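start30.cif (mmCIF, C-alpha atoms and all ligand atoms)
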```cif
data_coords
loop_
_atom_site.group_PDB
_atom_site.id
_atom_site.type_symbol
_atom_site.label_atom_id
_atom_site.label_comp_id
_atom_site.auth_asym_id
_atom_site.auth_seq_id
_atom_site.Cartn_x
_atom_site.Cartn_y
_atom_site.Cartn_z
ATOM 1 C CA MET A 1 12.046 34.467 -20.293
ATOM 2 C CA SER A 2 11.240 32.688 -23.512
ATOM 3 C CA GLU A 3 9.038 29.622 -23.591
ATOM 4 C CA ALA A 4 10.949 26.364 -23.213
ATOM 5 C CA LEU A 5 10.915 24.217 -26.297
ATOM 6 C CA VAL A 6 9.190 20.874 -26.274
ATOM 7 C CA THR A 7 10.765 17.923 -28.013
ATOM 8 C CA ARG A 8 7.655 15.834 -28.218
ATOM 9 C CA ARG A 9 6.895 15.184 -31.875
ATOM 10 C CA ALA A 10 7.072 18.784 -32.955
ATOM 11 C CA PRO A 11 4.008 19.505 -35.066
ATOM 12 C CA THR A 12 5.901 21.982 -37.223
ATOM 13 C CA ALA A 13 9.633 22.620 -37.244
ATOM 14 C CA PRO A 14 11.913 20.435 -35.126
ATOM 15 C CA VAL A 15 13.470 21.878 -32.016
ATOM 16 C CA THR A 16 16.877 23.397 -32.580
ATOM 17 C CA ALA A 17 19.175 24.142 -29.704
ATOM 18 C CA SER A 18 19.013 27.779 -28.825
ATOM 19 C CA SER A 19 22.638 28.291 -27.873
ATOM 20 C CA GLY A 20 24.224 26.701 -30.928
ATOM 21 C CA SER A 21 24.385 27.935 -34.467
ATOM 22 C CA THR A 22 21.128 27.348 -36.255
ATOM 23 C CA THR A 23 22.688 27.406 -39.708
ATOM 24 C CA GLU A 24 25.317 24.717 -39.122
ATOM 25 C CA GLU A 25 24.181 21.146 -39.607
ATOM 26 C CA PRO A 26 23.413 19.636 -36.190
ATOM 27 C CA ALA A 27 25.673 16.875 -34.930
ATOM 28 C CA LEU A 28 22.606 14.854 -34.034
ATOM 29 C CA ARG A 29 19.079 14.764 -35.309
ATOM 30 C CA LEU A 30 16.550 12.667 -33.391
ATOM 31 C CA ARG A 31 13.119 12.153 -34.866
ATOM 32 C CA GLY A 32 10.246 10.430 -33.114
ATOM 33 C CA LEU A 33 12.680 8.546 -30.904
ATOM 34 C CA GLY A 34 11.125 6.102 -28.484
ATOM 35 C CA HIS A 35 12.348 3.202 -26.402
ATOM 36 C CA ARG A 36 11.028 0.661 -23.943
ATOM 37 C CA TYR A 37 12.524 -2.601 -22.754
ATOM 38 C CA GLY A 38 10.347 -5.570 -23.699
ATOM 39 C CA SER A 39 6.801 -5.055 -22.486
ATOM 40 C CA LYS A 40 7.770 -2.504 -19.824
ATOM 41 C CA ASP A 41 6.412 1.048 -20.005
ATOM 42 C CA TRP A 42 7.892 3.485 -22.510
ATOM 43 C CA LEU A 43 10.898 5.351 -21.134
ATOM 44 C CA PHE A 44 10.557 8.100 -23.706
ATOM 45 C CA ARG A 45 8.571 8.463 -26.858
ATOM 46 C CA GLY A 46 8.249 10.846 -29.777
ATOM 47 C CA VAL A 47 11.467 12.700 -28.989
ATOM 48 C CA ASP A 48 12.471 15.193 -31.694
ATOM 49 C CA LEU A 49 15.730 16.901 -30.913
ATOM 50 C CA ASP A 50 18.551 18.612 -32.768
ATOM 51 C CA VAL A 51 21.864 18.729 -30.902
ATOM 52 C CA PRO A 52 24.269 21.334 -32.263
ATOM 53 C CA ALA A 53 27.844 20.543 -33.184
ATOM 54 C CA ARG A 54 28.901 23.381 -30.874
ATOM 55 C CA GLY A 55 27.943 24.166 -27.311
ATOM 56 C CA ILE A 56 26.786 22.119 -24.364
ATOM 57 C CA THR A 57 23.548 20.238 -23.899
ATOM 58 C CA SER A 58 22.873 18.612 -20.519
ATOM 59 C CA ILE A 59 20.208 15.993 -19.829
ATOM 60 C CA LEU A 60 18.444 16.014 -16.448
ATOM 61 C CA GLY A 61 15.965 13.477 -15.127
ATOM 62 C CA PRO A 62 15.279 11.338 -12.077
ATOM 63 C CA ASN A 63 16.806 7.889 -11.587
ATOM 64 C CA GLY A 64 15.480 5.337 -14.036
ATOM 65 C CA GLN A 65 13.876 7.889 -16.372
ATOM 66 C CA GLY A 66 15.892 6.637 -19.355
ATOM 67 C CA LYS A 67 18.801 9.077 -19.653
ATOM 68 C CA SER A 68 21.445 6.382 -20.174
ATOM 69 C CA THR A 69 19.143 4.526 -22.541
ATOM 70 C CA LEU A 70 18.655 7.692 -24.570
ATOM 71 C CA LEU A 71 22.436 8.181 -24.775
ATOM 72 C CA ARG A 72 22.956 4.559 -25.789
ATOM 73 C CA CYS A 73 20.371 4.960 -28.556
ATOM 74 C CA ILE A 74 22.184 8.097 -29.689
ATOM 75 C CA ALA A 75 25.568 6.365 -29.613
ATOM 76 C CA GLY A 76 24.226 3.435 -31.634
ATOM 77 C CA LEU A 77 24.667 0.933 -28.805
ATOM 78 C CA GLN A 78 20.943 0.402 -28.344
ATOM 79 C CA LYS A 79 18.485 0.077 -31.200
ATOM 80 C CA PRO A 80 15.467 2.261 -30.424
ATOM 81 C CA ILE A 81 12.021 0.740 -30.768
ATOM 82 C CA GLU A 82 10.757 3.800 -32.645
ATOM 83 C CA GLY A 83 12.235 6.703 -34.526
ATOM 84 C CA THR A 84 15.573 7.608 -36.018
ATOM 85 C CA VAL A 85 18.958 8.984 -34.993
ATOM 86 C CA GLU A 86 20.973 10.808 -37.651
ATOM 87 C CA ARG A 87 24.599 11.458 -36.754
ATOM 88 C CA SER A 88 26.800 13.901 -38.583
ATOM 89 C CA GLY A 89 30.477 13.395 -37.837
ATOM 90 C CA ARG A 90 32.222 11.166 -35.349
ATOM 91 C CA ILE A 91 30.728 10.735 -31.897
ATOM 92 C CA GLY A 92 32.825 9.967 -28.826
ATOM 93 C CA TYR A 93 30.884 8.064 -26.172
ATOM 94 C CA VAL A 94 31.962 8.047 -22.540
ATOM 95 C CA PRO A 95 29.980 5.452 -20.571
ATOM 96 C CA GLN A 96 29.506 5.501 -16.829
ATOM 97 C CA ALA A 97 32.701 4.159 -15.312
ATOM 98 C CA THR A 98 30.897 1.566 -13.202
ATOM 99 C CA GLY A 99 30.975 -1.462 -15.491
ATOM 100 C CA THR A 100 33.457 -4.301 -15.505
ATOM 101 C CA GLY A 101 34.679 -4.524 -19.070
ATOM 102 C CA ALA A 102 37.818 -5.899 -20.663
ATOM 103 C CA PHE A 103 40.217 -4.384 -18.173
ATOM 104 C CA ALA A 104 43.403 -6.298 -19.004
ATOM 105 C CA TYR A 105 44.727 -3.250 -20.869
ATOM 106 C CA THR A 106 47.042 -0.545 -19.674
ATOM 107 C CA VAL A 107 45.581 2.916 -19.402
ATOM 108 C CA PHE A 108 47.615 4.071 -22.382
ATOM 109 C CA ASP A 109 46.328 1.235 -24.563
ATOM 110 C CA MET A 110 42.742 2.005 -23.516
ATOM 111 C CA VAL A 111 43.200 5.625 -24.547
ATOM 112 C CA LEU A 112 44.949 4.644 -27.769
ATOM 113 C CA MET A 113 41.829 2.667 -28.733
ATOM 114 C CA GLY A 114 40.243 6.035 -29.390
ATOM 115 C CA ARG A 115 42.398 6.125 -32.567
ATOM 116 C CA ALA A 116 40.777 2.954 -33.969
ATOM 117 C CA HIS A 117 39.041 4.921 -36.730
ATOM 118 C CA ALA A 118 42.413 6.268 -37.966
ATOM 119 C CA VAL A 119 44.414 3.024 -37.915
ATOM 120 C CA SER A 120 44.106 0.582 -40.833
ATOM 121 C CA PRO A 121 43.334 -3.035 -40.013
ATOM 122 C CA PHE A 122 46.521 -4.947 -39.078
ATOM 123 C CA ALA A 123 48.513 -1.686 -38.861
ATOM 124 C CA SER A 124 49.967 -0.307 -35.645
ATOM 125 C CA PRO A 125 49.089 3.121 -34.304
ATOM 126 C CA SER A 126 51.510 5.728 -35.596
ATOM 127 C CA ARG A 127 53.744 8.000 -33.570
ATOM 128 C CA ALA A 128 51.159 10.747 -34.193
ATOM 129 C CA ASP A 129 48.370 8.505 -32.837
ATOM 130 C CA ARG A 130 50.416 7.832 -29.713
ATOM 131 C CA GLY A 131 51.106 11.548 -29.325
ATOM 132 C CA ILE A 132 47.378 12.327 -29.503
ATOM 133 C CA ALA A 133 46.696 9.698 -26.833
ATOM 134 C CA THR A 134 49.422 11.126 -24.582
ATOM 135 C CA ALA A 135 48.053 14.655 -25.007
ATOM 136 C CA ALA A 136 44.530 13.478 -24.127
ATOM 137 C CA LEU A 137 45.764 11.807 -20.936
ATOM 138 C CA GLU A 138 47.607 14.989 -20.007
ATOM 139 C CA ARG A 139 44.511 17.031 -20.682
ATOM 140 C CA VAL A 140 42.456 15.107 -18.122
ATOM 141 C CA GLY A 141 45.348 15.195 -15.639
ATOM 142 C CA ALA A 142 45.934 11.436 -15.777
ATOM 143 C CA ALA A 143 49.297 11.205 -17.557
ATOM 144 C CA ASP A 144 50.864 9.569 -14.507
ATOM 145 C CA LEU A 145 48.450 6.626 -14.884
ATOM 146 C CA ALA A 146 49.603 5.708 -18.418
ATOM 147 C CA ASP A 147 51.297 2.439 -17.425
ATOM 148 C CA ALA A 148 48.750 1.367 -14.824
ATOM 149 C CA ALA A 149 46.326 -1.497 -15.474
ATOM 150 C CA PHE A 150 42.951 0.017 -16.312
ATOM 151 C CA GLY A 151 41.181 -2.651 -14.245
ATOM 152 C CA GLU A 152 43.054 -1.625 -11.125
ATOM 153 C CA LEU A 153 41.990 2.023 -11.238
ATOM 154 C CA SER A 154 39.441 3.627 -8.961
ATOM 155 C CA GLY A 155 36.056 4.552 -10.444
ATOM 156 C CA GLY A 156 37.049 8.212 -10.682
ATOM 157 C CA GLN A 157 40.356 7.436 -12.361
ATOM 158 C CA ARG A 158 38.560 5.210 -14.881
ATOM 159 C CA GLN A 159 36.164 8.024 -15.635
ATOM 160 C CA LEU A 160 39.028 10.370 -16.479
ATOM 161 C CA VAL A 161 40.678 7.733 -18.683
ATOM 162 C CA LEU A 162 37.439 7.052 -20.575
ATOM 163 C CA ILE A 163 37.103 10.765 -21.239
ATOM 164 C CA ALA A 164 40.690 10.802 -22.533
ATOM 165 C CA ARG A 165 39.831 7.907 -24.862
ATOM 166 C CA ALA A 166 36.919 9.883 -26.323
ATOM 167 C CA LEU A 167 39.126 12.962 -26.769
ATOM 168 C CA THR A 168 41.649 10.792 -28.615
ATOM 169 C CA SER A 169 38.995 9.983 -31.208
ATOM 170 C CA GLU A 170 38.859 13.690 -32.170
ATOM 171 C CA CYS A 171 35.092 13.488 -32.300
ATOM 172 C CA ARG A 172 32.705 16.204 -33.440
ATOM 173 C CA LEU A 173 30.361 15.501 -30.524
ATOM 174 C CA ILE A 174 31.319 13.984 -27.196
ATOM 175 C CA ILE A 175 28.567 12.198 -25.276
ATOM 176 C CA LEU A 176 29.114 11.535 -21.590
ATOM 177 C CA ASP A 177 26.950 9.521 -19.196
ATOM 178 C CA GLU A 178 27.211 11.109 -15.735
ATOM 179 C CA PRO A 179 30.846 12.069 -16.272
ATOM 180 C CA VAL A 180 31.466 13.383 -12.758
ATOM 181 C CA SER A 181 29.497 10.822 -10.762
ATOM 182 C CA ALA A 182 32.621 9.107 -9.399
ATOM 183 C CA LEU A 183 34.817 12.188 -9.133
ATOM 184 C CA ASP A 184 35.933 14.150 -6.079
ATOM 185 C CA LEU A 185 35.263 17.885 -5.924
ATOM 186 C CA ARG A 186 38.512 18.919 -7.558
ATOM 187 C CA ASN A 187 38.242 16.424 -10.387
ATOM 188 C CA GLN A 188 34.609 17.454 -10.914
ATOM 189 C CA ALA A 189 35.925 20.960 -11.517
ATOM 190 C CA VAL A 190 38.635 19.589 -13.843
ATOM 191 C CA VAL A 191 36.072 17.743 -15.963
ATOM 192 C CA LEU A 192 33.499 20.557 -15.995
ATOM 193 C CA GLY A 193 36.259 22.976 -16.995
ATOM 194 C CA LEU A 194 37.376 20.604 -19.730
ATOM 195 C CA LEU A 195 33.831 20.304 -21.104
ATOM 196 C CA ARG A 196 33.496 24.089 -21.231
ATOM 197 C CA GLN A 197 36.858 24.332 -22.952
ATOM 198 C CA LEU A 198 35.936 21.672 -25.517
ATOM 199 C CA ALA A 199 32.703 23.503 -26.277
ATOM 200 C CA ALA A 200 34.598 26.779 -26.643
ATOM 201 C CA GLU A 201 36.966 25.075 -29.089
ATOM 202 C CA GLY A 202 34.053 23.873 -31.215
ATOM 203 C CA THR A 203 33.324 20.334 -30.003
ATOM 204 C CA GLY A 204 29.701 19.575 -29.197
ATOM 205 C CA VAL A 205 29.091 18.239 -25.682
ATOM 206 C CA LEU A 206 26.074 16.180 -24.614
ATOM 207 C CA LEU A 207 25.954 14.799 -21.082
ATOM 208 C CA THR A 208 23.636 13.388 -18.464
ATOM 209 C CA THR A 209 23.910 14.539 -14.892
ATOM 210 C CA HIS A 210 22.213 14.541 -11.510
ATOM 211 C CA HIS A 211 23.690 17.956 -10.691
ATOM 212 C CA PRO A 212 21.467 20.876 -11.757
ATOM 213 C CA ASP A 213 24.069 23.230 -10.260
ATOM 214 C CA HIS A 214 26.601 21.858 -12.745
ATOM 215 C CA VAL A 215 24.117 22.487 -15.528
ATOM 216 C CA LEU A 216 23.826 26.107 -14.390
ATOM 217 C CA HIS A 217 27.615 26.359 -14.442
ATOM 218 C CA LEU A 218 27.919 24.767 -17.905
ATOM 219 C CA GLY A 219 25.168 26.889 -19.446
ATOM 220 C CA GLY A 220 23.914 26.198 -22.962
ATOM 221 C CA ASP A 221 20.855 24.003 -23.334
ATOM 222 C CA VAL A 222 19.170 21.389 -21.228
ATOM 223 C CA VAL A 223 16.884 18.434 -21.917
ATOM 224 C CA VAL A 224 14.486 17.754 -19.043
ATOM 225 C CA MET A 225 13.139 14.184 -18.992
ATOM 226 C CA GLN A 226 10.043 14.570 -16.833
ATOM 227 C CA ALA A 227 7.915 11.716 -18.217
ATOM 228 C CA PRO A 228 7.909 9.402 -21.251
ATOM 229 C CA ASP A 229 5.846 11.890 -23.252
ATOM 230 C CA ASP A 230 7.219 15.010 -21.576
ATOM 231 C CA VAL A 231 10.798 15.592 -22.676
ATOM 232 C CA ARG A 232 11.478 19.321 -22.862
ATOM 233 C CA HIS A 233 14.431 21.090 -24.407
ATOM 234 C CA GLY A 234 15.485 24.680 -24.072
ATOM 235 C CA PRO A 235 18.007 27.138 -22.697
ATOM 236 C CA VAL A 236 19.319 26.433 -19.211
ATOM 237 C CA SER A 237 18.082 29.834 -18.081
ATOM 238 C CA ASP A 238 14.500 28.843 -18.965
ATOM 239 C CA LEU A 239 14.421 25.291 -17.659
ATOM 240 C CA VAL A 240 16.755 25.100 -14.682
ATOM 241 C CA THR A 241 14.315 26.869 -12.384
ATOM 242 C CA ASN A 242 13.055 26.149 -8.890
ATOM 243 C CA ASP A 243 9.643 25.062 -10.167
ATOM 244 C CA VAL A 244 10.944 22.793 -12.924
ATOM 245 C CA LEU A 245 13.490 21.121 -10.624
ATOM 246 C CA THR A 246 10.976 20.720 -7.787
ATOM 247 C CA ALA A 247 8.526 19.006 -10.149
ATOM 248 C CA LEU A 248 11.266 16.930 -11.768
ATOM 249 C CA TYR A 249 12.706 15.465 -8.584
ATOM 250 C CA GLY A 250 9.670 15.579 -6.302
ATOM 251 C CA ILE A 251 11.495 17.579 -3.661
ATOM 252 C CA GLY A 252 11.655 21.288 -2.959
ATOM 253 C CA VAL A 253 14.536 22.977 -4.766
ATOM 254 C CA ARG A 254 15.291 26.653 -4.178
ATOM 255 C CA SER A 255 17.940 29.021 -5.411
ATOM 256 C CA ALA A 256 19.688 31.948 -3.827
ATOM 257 C CA VAL A 257 22.128 34.494 -5.139
ATOM 258 C CA VAL A 258 25.260 34.726 -3.011
ATOM 259 C CA ASP A 259 28.153 37.114 -3.131
ATOM 260 C CA ASP A 260 31.149 35.123 -4.361
ATOM 261 C CA ALA A 261 34.066 37.485 -3.742
ATOM 262 C CA GLY A 262 32.206 40.343 -5.376
ATOM 263 C CA THR A 263 30.567 38.287 -8.120
ATOM 264 C CA PRO A 264 26.907 37.311 -7.722
ATOM 265 C CA ARG A 265 26.496 33.558 -8.036
ATOM 266 C CA THR A 266 23.267 31.520 -8.081
ATOM 267 C CA VAL A 267 23.347 28.472 -5.844
ATOM 268 C CA LEU A 268 20.707 25.770 -5.631
ATOM 269 C CA PHE A 269 19.738 24.024 -2.439
ATOM 270 C CA THR A 270 17.361 21.228 -1.560
ATOM 271 C CA ARG A 271 14.581 21.600 0.999
ATOM 272 C CA TRP A 272 15.001 18.101 2.393
ATOM 273 C CA GLU A 273 11.704 18.176 4.289
ATOM 274 C CA GLU A 274 9.669 19.159 1.210
ATOM 275 C CA THR A 275 9.144 15.898 -0.657
ATOM 276 C CA THR A 276 6.130 15.383 -2.884
ATOM 277 C CA ALA A 277 4.563 12.195 -4.180
HETATM 278 N N1 LIG B 301 19.123 -3.708 -20.795
HETATM 279 C C1 LIG B 301 18.021 -3.435 -20.074
HETATM 280 N N2 LIG B 301 17.006 -4.335 -20.028
HETATM 281 C C2 LIG B 301 15.879 -4.084 -19.327
HETATM 282 N N3 LIG B 301 15.669 -2.941 -18.642
HETATM 283 C C3 LIG B 301 16.645 -2.021 -18.655
HETATM 284 C C4 LIG B 301 17.865 -2.220 -19.361
HETATM 285 N N4 LIG B 301 18.638 -1.124 -19.196
HETATM 286 C C5 LIG B 301 17.944 -0.291 -18.422
HETATM 287 N N5 LIG B 301 16.746 -0.829 -18.085
HETATM 288 C C6 LIG B 301 15.705 -0.191 -17.262
HETATM 289 O O1 LIG B 301 15.301 1.003 -17.927
HETATM 290 C C7 LIG B 301 15.053 2.029 -16.969
HETATM 291 C C8 LIG B 301 15.879 3.251 -17.356
HETATM 292 O O2 LIG B 301 17.265 2.967 -17.168
HETATM 293 P P1 LIG B 301 18.354 4.029 -17.525
HETATM 294 O O3 LIG B 301 19.640 3.490 -17.024
HETATM 295 O O4 LIG B 301 18.264 4.401 -18.938
HETATM 296 O O5 LIG B 301 17.870 5.269 -16.639
HETATM 297 P P2 LIG B 301 18.659 6.530 -16.122
HETATM 298 O O6 LIG B 301 17.730 7.684 -16.231
HETATM 299 O O7 LIG B 301 19.973 6.644 -16.806
HETATM 300 O O8 LIG B 301 18.874 6.145 -14.587
HETATM 301 P P3 LIG B 301 19.998 6.621 -13.523
HETATM 302 O O9 LIG B 301 19.824 8.095 -13.347
HETATM 303 O O10 LIG B 301 19.589 5.866 -12.291
HETATM 304 O O11 LIG B 301 21.337 6.221 -14.045
HETATM 305 C C9 LIG B 301 15.376 1.443 -15.606
HETATM 306 O O12 LIG B 301 14.179 1.036 -15.003
HETATM 307 C C10 LIG B 301 16.241 0.250 -15.926
HETATM 308 O O13 LIG B 301 16.073 -0.762 -14.972
#
```
Starting from the file, lay out its structure as C-alpha cells.
Amino acid sequence: MSEALVTRRAPTAPVTASSGSTTEEPALRLRGLGHRYGSKDWLFRGVDLDVPARGITSILGPNGQGKSTLLRCIAGLQKPIEGTVERSGRIGYVPQATGTGAFAYTVFDMVLMGRAHAVSPFASPSRADRGIATAALERVGAADLADAAFGELSGGQRQLVLIARALTSECRLIILDEPVSALDLRNQAVVLGLLRQLAAEGTGVLLTTHHPDHVLHLGGDVVVMQAPDDVRHGPVSDLVTNDVLTALYGIGVRSAVVDDAGTPRTVLFTRWEETTA
C-alpha cells in the first residue's frame, strides 16, 4: 500500500488526488486553509488540498471536527481565517437538510433555483431550464413531489430535493454535507448510486459522511480529519483501514470479507465494547 498523503502545508508539491487526472486543472485548490470560530481552538489549519474535477472525494471525521465548516469555506459561505480557496468552474452545494430556511416555495421552484446562473435578472426561466429541473427531480426519484411545499417535506425528501437543485445547476463539482444522513436504506442506495454515476459522467463529487462503509463503496479518495493539524488525504484503500478508523473515532473498528452471492465484499463493524479515550 502506498503512503497516505498529508494535506498539512505540503513542504514541496501540493497534494493531488490520486484517483483523478493529474493533468486536468483541479476543481478546487485549497492552500493553507484554516478556520476557527472566534477565540475557540482551530478546527483545521494549514490544509493544502487539490480536489479533482472528476472522481469522488469523501471527508471523514468525528462530530464537531469541522467537516461542515470546511465545506462551507469551500463553497464560499464561510470566510476562512487563513488561507485560500481557488474554485475552477461552478460548484453545487448541498447543505444538510436539517435547517429551517425559506420554505414557502414548491419543490419545483426550489429545484428551478439551481438555474439562477443561467437566467438573466428580471427574466423568467426558459422551457429548457424547466426541463432541466424536471429531469433532475426525476433523477433523484422525487418527481412526484414537484408540487408539494418544500417546507412540508420530511428531512429525507428535502435532502433529495436539495440534491436535485444542485444537479440543476450543471456544476463541475458537487459538494454535499452528509447527503444520506436523513435517508432510509433504499434512498441511501439511490443517492450513493447517483454520486457514482455523476462521477462516472465526469462531475467531481466531494462529500462529508459518518459512514466509512459508504466511503469504501464509493471508492476514490478520502480526507481524514483527525485533528486540527492532522488532515490526511489519500486513496480510500490506504486510509479506510481498521487502524485509521479506530484512531479516528476512538472505538474499535474491524473489517471482514464476506461472500456476497459469490462476490467477496469487505464489511466494517464496530466493536462496541472497545472505546478509547
Ligand atoms: N457559526 C458558528 N459559530 C461558532 N461555532 C460554530 C459555528 N458553526 C460551527 N461551530 C462549531 O464548530 C465546531 C465544528 O462544527 P462543524 O459543524 O463544522 O463540525 P462537523 O465535523 O461538521 O460536525 P458533525 O459531524 O457533528 O456535523 C463545533 O464545535 C461547532 O459547535
Answer as a PyMOL selection string, residues within 8 Å of (29.4, 19.3, -40.5) using all atoms listed in the file: chain A and resi 24-27+53+88-89
For C-alpha atoms, I'd like the residues from the last selection saved as a PDB file, in the frame of the given file.
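To be explicit, this is the file written out as out.pdb:
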```
ATOM      1  CA  GLU A  24      25.317  24.717 -39.122  1.00  0.00           C
ATOM      2  CA  GLU A  25      24.181  21.146 -39.607  1.00  0.00           C
ATOM      3  CA  PRO A  26      23.413  19.636 -36.190  1.00  0.00           C
ATOM      4  CA  ALA A  27      25.673  16.875 -34.930  1.00  0.00           C
ATOM      5  CA  ALA A  53      27.844  20.543 -33.184  1.00  0.00           C
ATOM      6  CA  SER A  88      26.800  13.901 -38.583  1.00  0.00           C
ATOM      7  CA  GLY A  89      30.477  13.395 -37.837  1.00  0.00           C
TER       8      GLY A  89
END
```
Expansion of the PyMOL selection byres (((not hetatm)) within 7 of (chain B and resi 301)) into residues, as number ranges by chain: A: 37, 43, 61-70
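Among the candidate residues A:Ala128, A:Val107, A:Val191, A:Leu173, the one lying nearest to A:Val140 is A:Val191, with distances computed using all atoms listed in the file.
Among A:Leu245, A:Ile56, A:Val253, A:Ala142, the residue with the shortest atom-to-atom distance to A:Gly202, counting all atoms listed in the file, is A:Ile56.
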Residue contacts of A:Leu145 (9 Å, all atoms listed in the file) excluding same-chain residues fewer than 3 positions away, as a ChimeraX atom specification: /A:106-108,137,142,148-150,153,157,161
Could you expand the PyMOL selection byres (((chain A and resi 217-221) around 6) and not hetatm) into the explicit residues it covers here, written as a PDB file with C-alpha atoms, keeping the file's coordinate frame?
```pdb
ATOM      1  CA  SER A  19      22.638  28.291 -27.873  1.00  0.00           C
ATOM      2  CA  ILE A  56      26.786  22.119 -24.364  1.00  0.00           C
ATOM      3  CA  THR A  57      23.548  20.238 -23.899  1.00  0.00           C
ATOM      4  CA  HIS A 214      26.601  21.858 -12.745  1.00  0.00           C
ATOM      5  CA  VAL A 215      24.117  22.487 -15.528  1.00  0.00           C
ATOM      6  CA  LEU A 216      23.826  26.107 -14.390  1.00  0.00           C
ATOM      7  CA  VAL A 222      19.170  21.389 -21.228  1.00  0.00           C
ATOM      8  CA  GLY A 234      15.485  24.680 -24.072  1.00  0.00           C
ATOM      9  CA  PRO A 235      18.007  27.138 -22.697  1.00  0.00           C
ATOM     10  CA  VAL A 236      19.319  26.433 -19.211  1.00  0.00           C
TER      11      VAL A 236
END
```
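Between A:Glu201 and the residues A:Arg54, A:Ala261, A:Gln78, A:Glu274, the shortest atom-to-atom distance, using all atoms listed in the file, involves A:Arg54.
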Explicit residues for the PyMOL selection byres (((chain A and resi 177) around 8) and not hetatm) (as a PyMOL selection string): chain A and resi 68+71+94-96+175-176+178-179+207-209
